[in-house]
Amino acid sequence: MAPRREDLGSWLEGTPGSPASDGGSRLGLPAEGPGSQASVLRRLVGLCIDWGVALAVAALLFPDPSSELPGILAADSTATLAVFAVSMILLVATLGSTIGHRVAGLRVVRLADVRTGTQRAALAGPGLVPALVRTVLLCLVIPAVIWDGDGRGMHDVAAGTVIVRR
């Protein structure tokens with residue numbers, strides 16, 4: 001299924017959670033409450049928490065001796081990105097959420113499961129391939145900041161996933 005121009009959103013149209021958004025109804029999600037599409041704010045909070053955890057782990061395991069920054073900010077940047085990517089892949093693939101997702105009350109689910117009404121186990125993730133595709137594109141940043149008409153980032157569209165509230 002090729003994306004259509006009218007399905008692509010941009011910063012000109014506002015955020016996915018703006019009043020023009022339909023709340024995920026085209027995706028088969030409830031408008032509010034558990035199982036509804038996550039807001040941009042919740043997703044950003046989860047992402048910041050995940051990045052902070054990756055930064056702390058990388059600073060402990062891979063400190064950058066040439067850095068003049070104090071504490072956890074002295075982590076090697078490549079190691080931080082690698083820790084972030086590995087944790088995203090493993091946690092999303094197996095549990096359906098990362099530490100940041102848990103704190104923000106989010107979960108990553110396969111859109112195919114939502115549309116067919118398939119009930120997966122409460123702790124089951126979308127699987128390794130969707131988590132891998134999603135994480136690689138998230139680490140590239142650009143696909144994550146471009147969203148479609150439903151408010152999903154291009155990394156979620158490519159992986160066939162959607163982030164919902166717990």
# chains A, B, ... in the order shown; residues from 1 in each chain; ligands from 1
>>> select_by_dssp(residues="stretch 22-137 of chain A", states="helix (DSSP H, G or I)", output="PyMOL selection string")
chain A and resi 25-27+40-61+71-74+77-95+99-104+111-116+128-137
>>> residues_around(residues="stretch 134-140 of chain A", least_positions_apart="5", cutoff="10 Å", atoms="only C-alpha atoms", output="tab-separated table (two decimals) with C-alpha atoms, in the first residue's frame")
chain	number	residue	atom	x	y	z
A	81	LEU	CA	22.86	5.83	20.67
A	82	ALA	CA	23.80	2.12	20.63
A	84	PHE	CA	19.29	3.44	23.25
A	85	ALA	CA	18.79	1.36	20.08
A	86	VAL	CA	19.47	-2.00	21.72
A	87	SER	CA	17.15	-1.25	24.64
A	88	MET	CA	14.40	-0.07	22.26
A	89	ILE	CA	14.67	-3.17	20.07
A	92	VAL	CA	9.61	-3.13	22.35
A	128	LEU	CA	11.48	-8.43	16.46
A	129	VAL	CA	11.14	-7.23	12.85
A	145	VAL	CA	9.28	13.74	13.05
A	153	GLY	CA	5.39	8.85	12.70
A	154	MET	CA	6.82	7.37	9.52
A	155	HIS	CA	8.86	4.97	11.66
A	156	ASP	CA	5.59	3.53	13.01
A	157	VAL	CA	4.00	3.48	9.55
A	158	ALA	CA	6.96	1.55	8.10
A	159	ALA	CA	6.92	-0.90	11.01
A	160	GLY	CA	3.13	-1.33	10.95
A	161	THR	CA	2.82	-0.23	14.57
>>> closest_residue(among="A:Pro63, A:Ser77, A:Ala31, A:His101", to="A:Gly46", atoms="only C-alpha atoms")
A:His101
>>> closest_residue(among="A:Val141, A:Leu69, A:Leu55, A:Leu27", to="A:Arg110", atoms="only C-alpha atoms")
A:Leu27
>>> atom_distance(atom1="atom CA of A:Leu44", atom2="atom CA of A:Val114")
22.9 Å
>>> closest_atom_pairs(of="stretch 31-138 of chain A", to="stretch 147-152 of chain A", cutoff="10 Å", atoms="only C-alpha atoms", output="tab-separated table")
residue	atom	partner	partner_atom	distance
A:Gln37	CA	A:Gly151	CA	8.5
A:Ala38	CA	A:Gly151	CA	9.2
A:Ser39	CA	A:Gly151	CA	8.8
A:Val40	CA	A:Gly151	CA	8.6
>>> write_last_selection(atoms="C-alpha atoms", output="compact mmCIF listing (two decimals), in the first residue's frame")
# COMPACT_ATOMS: atom_id res chain seq x y z
CA GLN A 37 -3.68 6.71 20.25
CA ALA A 38 -0.99 8.33 22.42
CA SER A 39 -0.56 12.10 22.39
CA VAL A 40 2.62 13.75 21.16
>>> residues_around(residues="A:Val45", least_positions_apart="3", cutoff="9 Å", atoms="only C-alpha atoms", output="list in words")
Val40, Leu41, Arg42, Cys48, Ile49, Asp50, Gly100, His101, Val103 and Ala104 of chain A
>>> closest_residue(among="A:Leu47, A:Ile142, A:Leu29, A:Ala74", to="A:Ala59", atoms="only C-alpha atoms")
A:Ala74
>>> atom_distance(atom1="atom CA of A:Trp51", atom2="atom CA of A:Gly33")
26.3 Å
>>> select_by_dssp(residues="stretch 11-160 of chain A", states="strand (DSSP E or B)", output="list in words")
Gln37, Pro63, Ala75, Leu106, Arg107, Val108, Val109, Arg110, Trp147, Asp148 and Gly153 of chain A
>>> atom_distance(atom1="atom CA of A:Ile99", atom2="atom CA of A:Val162")
17.1 Å
